[in-house]
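Chemist: My questions all concern the structure below.
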Number of protein chains: 2
Amino acid sequence: MISYSLSGFVKRDFGKAAKGGEKMISSIAELISDRIGAMPAGERRAAQTLIASYPLIGLKTVAEFSAAAGVSSPTILRFVARLGFQNYPEFQSALQDELAAQLQSPASRTLNQPSPNGGAVSPMLEATLDNMRETFRHLSDKQLADIVAKLADRRGKTFLIGGRFTDPLARYMAAHLAIVQPNVFHLAGQESVWRDRLIDMGKRDVLVIFDIRRYQDSLVRFAETAHQRGVQIVLFTDQWLSPIARFARHVIAGRTAVPSAWDSSAALFVVAETLIGAVTRQLEADGAKRIRELEGLR
Amino acid sequence: MISYSLSGFVKRDFGKAAKGGEKMISSIAELISDRIGAMPAGERRAAQTLIASYPLIGLKTVAEFSAAAGVSSPTILRFVARLGFQNYPEFQSALQDELAAQLQSPASRTLNQPSPNGGAVSPMLEATLDNMRETFRHLSDKQLADIVAKLADRRGKTFLIGGRFTDPLARYMAAHLAIVQPNVFHLAGQESVWRDRLIDMGKRDVLVIFDIRRYQDSLVRFAETAHQRGVQIVLFTDQWLSPIARFARHVIAGRTAVPSAWDSSAALFVVAETLIGAVTRQLEADGAKRIRELEGLR
DNA sequence: GGAGCGCTGTATCGTATGTTACGTATTTTG
DNA sequence: CAAAATACGTAACATACGATACAGCGCTCC
């Protein structure tokens, strides 16, 4: 239980929650998320906006808070009243005291943060973060730079495709790349459809494939044919490497293991975003007039 | 590029100090220690007490500040006036903006630290990792549990949709959810197409929307109509909250700022994966025979 | 379909807060 | 040492902020 030192504070017990040791509520943010379910729509909006940029909005005036949340002032006041505060200033003091505790001992914050909740979220998040660090650790700058150069070299076309679960990543990447450069195509729909697109592919072109296990035969066959036609393949796969790696010019092996029934594509996603950013920067550096034209269109 | 939207703050240049590049004053604390020498006794006491418990005292009222410093109210006001602020509220806003910068982007801290590998990838990765930690820090177990319960409660249908860049996330989530339970639909194609699907939606149904800035009008309109039909909305958005938050039952605010020309959806992606995993686990726990049947099919 | 309840916004009110004017004290300077 | 200038606090003022009463609306439950 936290005890606040600064500022003539009122001893509060956060309502029933703290009584009888039913639950341990140590911050207002927790208090809110604990009760947000039992709130009417307007007050919930207030709660959400507060959580979204916690705790700054709460330090501003009621008018600003209400404007940010898109509700009226009384709703904000009812909201803080429901949290157990007598009035708005008292609520603000509590937020300030909380800030004080955080700011004065940054050590305690990082110590308490890793797993404040024994819940099921933390392990998942931790594993994901680890996956990313590991993925990038095995990824050299040289390797990324080569891929970026290839993707930004606009003498050929870029095709993207993914598997059952990874196709959204291909779409995501295509959506961005198609903006900064022409001739970017996402291959969607049925197998026979993108099969036929092979005719358009040649030596100058790049094929970006996402394929994690269970590896899809159709993709492997597609990659093989493309490879035979001289298409350069950039493969996003997991650490066990899709068979497509045999045909790939560049292979990005992401970690996918998480405590879940599913594999995680998050690491690959981040690599994709990194490439998107790097390609964009590269094209800007090249002074591509397309980029300048885009600025104008916006 | 990072820009904070909250709190219409005034662009100040901290008086002469910032002009002509004589000195680089980036925080009010520096500004104070820069000028504390040229202050009269009373104001110096004010300055010292502010520094001593920076910046909390400055967020309280003039009366409290003056009491803590052992001076009178006008002295406090003269003090902030000497720092170059027009009035006390403006001074407080500046302090709050500073706090916002500290709290909301731990990225700035890690960015300034010497990166393990000097490559160009690192800042991007670090920012992304920070975004995820921040996103989850503002996300309570309770909140996630509520959403999971809703998504796993199979008395209604689940619809997913996203914006220009986030629709792949909706697809990714739909691809997984559709396997562990029936009645999961991703809304694709033209606006008029999913517009018509509104007919199928009712009180028991859930609509998962991905919308980060720049927020799309079509999505907002769609969400509003769905909301009017009683559909419960789960919103994935950025920290500035899409206008859809007004209609949403649950709001997940992810951090999107990265050193890139594009915003990052990686944090939202990880939240999505977390939910996918949790929903799957929930359904397993419920002993849904669908899951067992799936095992057999494999 | 009607009655009751609960939620929300508008408008008003009282007050706490920041602000300013003025007189006294303290320091500085010739 | 005298006189002026600067600094500081007391007290009155005005604004803007939080609080409250009330009415309209939608929702739920008979």
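Naming works like this for the structure tokens: A, B, ... for the chains as they're shown, residue 1 at the start of each chain, ligands 1 onward in shown order.
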For chain A against chain B, which residues fall within 7 Å using only C-alpha atoms, given as a list in words?
Modeler: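 My answer is Ser33, Asp34, Arg45, Gln48, Ile51, Ala52, Ser53, Leu56, Gln96, Ala100, Gly119, Val121, Met124, Leu129, Asp141, Phe165, Pro168, Leu169, Arg171, Tyr172, Ala175, Ser260, Ala261, Trp262, Ala266, Phe269, Val270, Thr274 and Gly277 of chain A.
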Chemist: Among stretch 24-244 of chain A, which ones does DSSP assign to alpha helix (DSSP H) (computed from the backbone)? Answer as JSON, numbers by chain.
Modeler: {"A": [28, 29, 30, 31, 32, 33, 34, 35, 41, 42, 43, 44, 45, 46, 47, 48, 49, 50, 51, 52, 56, 57, 58, 59, 62, 63, 64, 65, 66, 67, 68, 69, 73, 74, 75, 76, 77, 78, 79, 80, 81, 82, 88, 89, 90, 91, 92, 93, 94, 95, 96, 97, 98, 99, 100, 101, 102, 103, 104, 106, 107, 108, 109, 110, 111, 112, 121, 122, 123, 124, 125, 126, 127, 128, 129, 130, 131, 132, 133, 134, 135, 136, 137, 141, 142, 143, 144, 145, 146, 147, 148, 149, 150, 151, 152, 167, 168, 169, 170, 171, 172, 173, 174, 175, 176, 177, 178, 179, 180, 191, 192, 193, 194, 195, 196, 197, 217, 218, 219, 220, 221, 222, 223, 224, 225, 226, 227, 228]}
Chemist: Generate a file of the selected residues that holds C-alpha atoms, formatted as a short mmCIF file (atom, residue, chain, number, x, y, z; two decimals), in the first residue's frame.
Modeler:
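Output below, filename result.cif:
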data_model
loop_
_atom_site.label_atom_id
_atom_site.label_comp_id
_atom_site.auth_asym_id
_atom_site.auth_seq_id
_atom_site.Cartn_x
_atom_site.Cartn_y
_atom_site.Cartn_z
CA ILE A 28 -5.36 5.21 -10.08
CA ALA A 29 -4.83 3.65 -13.47
CA GLU A 30 -5.51 0.24 -12.01
CA LEU A 31 -8.47 1.60 -10.13
CA ILE A 32 -9.91 2.88 -13.37
CA SER A 33 -9.41 -0.27 -15.37
CA ASP A 34 -10.92 -2.14 -12.47
CA ARG A 35 -14.10 -0.15 -12.59
CA ALA A 41 -20.72 5.24 -21.73
CA GLY A 42 -19.75 8.86 -21.16
CA GLU A 43 -17.64 8.20 -18.13
CA ARG A 44 -16.00 5.32 -19.90
CA ARG A 45 -14.92 7.69 -22.63
CA ALA A 46 -13.41 9.86 -19.96
CA ALA A 47 -11.63 6.85 -18.50
CA GLN A 48 -10.29 5.81 -21.86
CA THR A 49 -8.92 9.20 -22.77
CA LEU A 50 -7.28 9.42 -19.39
CA ILE A 51 -5.66 6.02 -19.76
CA ALA A 52 -4.59 6.77 -23.30
CA LEU A 56 -1.52 14.18 -18.13
CA ILE A 57 -5.06 14.98 -19.10
CA GLY A 58 -6.04 14.52 -15.49
CA LEU A 59 -3.74 17.31 -14.45
CA VAL A 62 -12.02 19.92 -16.17
CA ALA A 63 -12.88 21.86 -19.29
CA GLU A 64 -9.82 20.62 -21.18
CA PHE A 65 -10.33 17.08 -19.96
CA SER A 66 -13.96 17.09 -21.03
CA ALA A 67 -13.09 18.54 -24.43
CA ALA A 68 -10.45 15.89 -25.02
CA ALA A 69 -12.85 13.14 -24.06
CA SER A 73 -17.74 18.82 -17.71
CA PRO A 74 -20.21 17.27 -15.29
CA THR A 75 -19.48 13.87 -16.77
CA ILE A 76 -15.84 14.30 -15.88
CA LEU A 77 -16.79 15.27 -12.35
CA ARG A 78 -19.10 12.31 -12.03
CA PHE A 79 -16.29 10.16 -13.32
CA VAL A 80 -13.84 11.22 -10.64
CA ALA A 81 -16.60 11.00 -8.05
CA ARG A 82 -17.19 7.40 -9.05
CA TYR A 88 -11.63 17.28 -8.68
CA PRO A 89 -8.68 18.90 -6.90
CA GLU A 90 -8.38 15.88 -4.65
CA PHE A 91 -8.27 13.68 -7.72
CA GLN A 92 -5.54 15.84 -9.21
CA SER A 93 -3.53 15.73 -6.02
CA ALA A 94 -3.66 11.96 -6.10
CA LEU A 95 -2.36 11.93 -9.65
CA GLN A 96 0.41 14.30 -8.71
CA ASP A 97 1.42 12.20 -5.74
CA GLU A 98 1.58 9.20 -7.99
CA LEU A 99 3.79 11.09 -10.39
CA ALA A 100 5.98 12.14 -7.51
CA ALA A 101 6.45 8.54 -6.49
CA GLN A 102 7.41 7.61 -10.02
CA LEU A 103 9.73 10.50 -10.64
CA GLN A 104 11.53 10.37 -7.37
CA PRO A 106 12.83 5.68 -11.21
CA ALA A 107 14.44 2.55 -9.84
CA SER A 108 11.30 1.36 -8.17
CA ARG A 109 9.36 1.90 -11.34
CA THR A 110 11.51 -0.32 -13.48
CA LEU A 111 11.65 -2.88 -10.69
CA ASN A 112 7.92 -3.05 -10.32
CA VAL A 121 -0.10 -11.02 -20.86
CA SER A 122 3.36 -10.54 -19.53
CA PRO A 123 4.97 -13.78 -20.64
CA MET A 124 3.55 -13.25 -24.09
CA LEU A 125 4.94 -9.75 -24.30
CA GLU A 126 8.30 -10.70 -22.87
CA ALA A 127 8.65 -13.56 -25.32
CA THR A 128 7.76 -11.27 -28.20
CA LEU A 129 10.29 -8.68 -27.16
CA ASP A 130 12.92 -11.38 -26.86
CA ASN A 131 12.03 -12.66 -30.28
CA MET A 132 12.62 -9.27 -31.77
CA ARG A 133 15.94 -8.75 -30.10
CA GLU A 134 17.05 -12.20 -31.21
CA THR A 135 15.81 -11.68 -34.73
CA PHE A 136 17.70 -8.45 -35.13
CA ARG A 137 20.77 -9.85 -33.47
CA ASP A 141 23.17 -4.19 -41.27
CA LYS A 142 24.81 -5.32 -44.45
CA GLN A 143 22.07 -7.81 -45.10
CA LEU A 144 19.34 -5.25 -44.55
CA ALA A 145 21.16 -2.66 -46.61
CA ASP A 146 21.37 -5.10 -49.52
CA ILE A 147 17.67 -5.80 -49.37
CA VAL A 148 16.84 -2.12 -49.12
CA ALA A 149 19.03 -1.39 -52.11
CA LYS A 150 17.28 -4.09 -54.06
CA LEU A 151 13.81 -2.92 -53.12
CA ALA A 152 14.63 0.70 -53.79
CA ASP A 167 -0.24 -12.80 -46.22
CA PRO A 168 -1.43 -9.83 -44.17
CA LEU A 169 2.23 -8.96 -43.65
CA ALA A 170 2.72 -8.99 -47.40
CA ARG A 171 -0.29 -6.74 -47.77
CA TYR A 172 0.99 -4.40 -45.10
CA MET A 173 4.34 -4.06 -46.78
CA ALA A 174 2.79 -3.70 -50.21
CA ALA A 175 0.44 -0.99 -49.01
CA HIS A 176 3.40 1.13 -47.96
CA LEU A 177 5.83 0.37 -50.73
CA ALA A 178 3.22 0.97 -53.40
CA ILE A 179 3.01 4.54 -52.24
CA VAL A 180 6.66 5.47 -52.45
CA GLU A 191 -3.32 -19.85 -56.48
CA SER A 192 -4.17 -20.00 -60.15
CA VAL A 193 -4.46 -16.24 -60.24
CA TRP A 194 -0.97 -15.42 -59.05
CA ARG A 195 0.38 -18.39 -60.94
CA ASP A 196 -0.45 -16.53 -64.10
CA ARG A 197 1.37 -13.44 -62.93
CA ASP A 217 3.51 -26.27 -50.86
CA SER A 218 1.83 -23.86 -53.21
CA LEU A 219 4.19 -21.11 -52.15
CA VAL A 220 7.22 -23.33 -52.50
CA ARG A 221 6.25 -24.30 -56.02
CA PHE A 222 5.58 -20.70 -56.87
CA ALA A 223 8.93 -19.61 -55.51
CA GLU A 224 10.74 -22.31 -57.43
CA THR A 225 9.21 -21.31 -60.73
CA ALA A 226 9.91 -17.67 -60.09
CA HIS A 227 13.47 -18.51 -59.22
CA GLN A 228 13.88 -20.37 -62.49
#
Chemist: Following superposition of chain A onto chain B on all C-alpha atoms, paired in order, what is the C-alpha RMSD to one decimal in Å?
Modeler: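 When all C-alpha atoms are superposed, the deviation is 19.1 Å.
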Chemist: Measuring atom to atom with only C-alpha atoms (C1' of nucleotides), identify which of A:Ser72, A:Asn87, A:Ser242, A:Thr237 is nearest to chain C.
Modeler: A:Ser72
Chemist: Residues of chain C within 9 Å of chain A, using only C-alpha atoms (C1' of nucleotides), as a ChimeraX atom specification?
Modeler: /C:7-9
Chemist: Take the residues from that selection and write them out as a PDB file, in the first residue's frame, keeping C-alpha atoms (C1' of nucleotides).
Modeler:
ATOM      1  C1'  DC C   7     -27.447   8.821 -17.837  1.00  0.00           C
ATOM      2  C1'  DT C   8     -26.037  13.079 -20.052  1.00  0.00           C
ATOM      3  C1'  DG C   9     -25.759  17.933 -21.360  1.00  0.00           C
TER       4       DG C   9
END
Chemist: Just how far from atom CA of A:Phe210 is atom CA of B:Gln282, in Å to one decimal?
Modeler: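 Result for atom CA of B:Gln282 versus atom CA of A:Phe210: 28.7 Å, one decimal.
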Chemist: Taking a cut-off of 9 Å and counting only C-alpha atoms (C1' of nucleotides), can you build a table that, for each residue of chain D near chain A, reports the nearest atom pair and how far apart they are in Å (one decimal), sorted by chain then residue number, as a tab-separated table?
Modeler:
residue	atom	partner	partner_atom	distance
D:DC17	C1'	A:Thr61	CA	7.8
D:DG18	C1'	A:Tyr88	CA	7.4
D:DA19	C1'	A:Pro74	CA	8.6
Chemist: Print the selection's residues with C-alpha atoms (C1' of nucleotides) to a file, as a JSON list (two decimals), in the first residue's frame.
Modeler:
[["chain", "number", "residue", "atom", "x", "y", "z"],
["D", 17, "DC", "C1'", -12.79, 27.13, -12.56],
["D", 18, "DG", "C1'", -15.29, 23.48, -10.31],
["D", 19, "DA", "C1'", -19.77, 22.39, -8.46]]
Chemist: For C:DT10, which residue out of D:DC8, D:DA23, D:DC1, D:DA14 is the nearest one, using only C-alpha atoms (C1' of nucleotides)?
Modeler: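 Under the stated criterion, the closest residue is D:DA23.
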Chemist: Which polymer residues have any atom within 10 Å of an atom of C:DT27, counting only C-alpha atoms (C1' of nucleotides), with same-chain residues fewer than 2 positions away left out, as a PyMOL selection string?
Modeler: (chain C and resi 25+29) or (chain D and resi 5-7)
Chemist: From a DSSP calculation on the backbone, collect every residue of stretch 183-272 of chain B in strand (DSSP E) and output the set as an MDAnalysis selection string.
Modeler: chainID B and resid 184:186 206:211 232:238 250:254
Chemist: Got a sec: who's within 12 Å of C:DG2, counting only C-alpha atoms (C1' of nucleotides), leaving out chain neighbours fewer than 2 positions off, as a list of chain:residue names?
Modeler: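 My reading of the contact set: C:DG4, D:DC29, D:DC30.
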Chemist: Mind pulling up the distance from atom CA of B:Gln216 to atom CA of A:Gln181?
Modeler: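 The value is 22.7 Å.
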Chemist: For a quick check of understanding, using only C-alpha atoms, which of B:Ala188, B:Ile36, B:Ile212, B:Met201 has the smallest distance to B:Ala257?
Modeler: B:Ile212
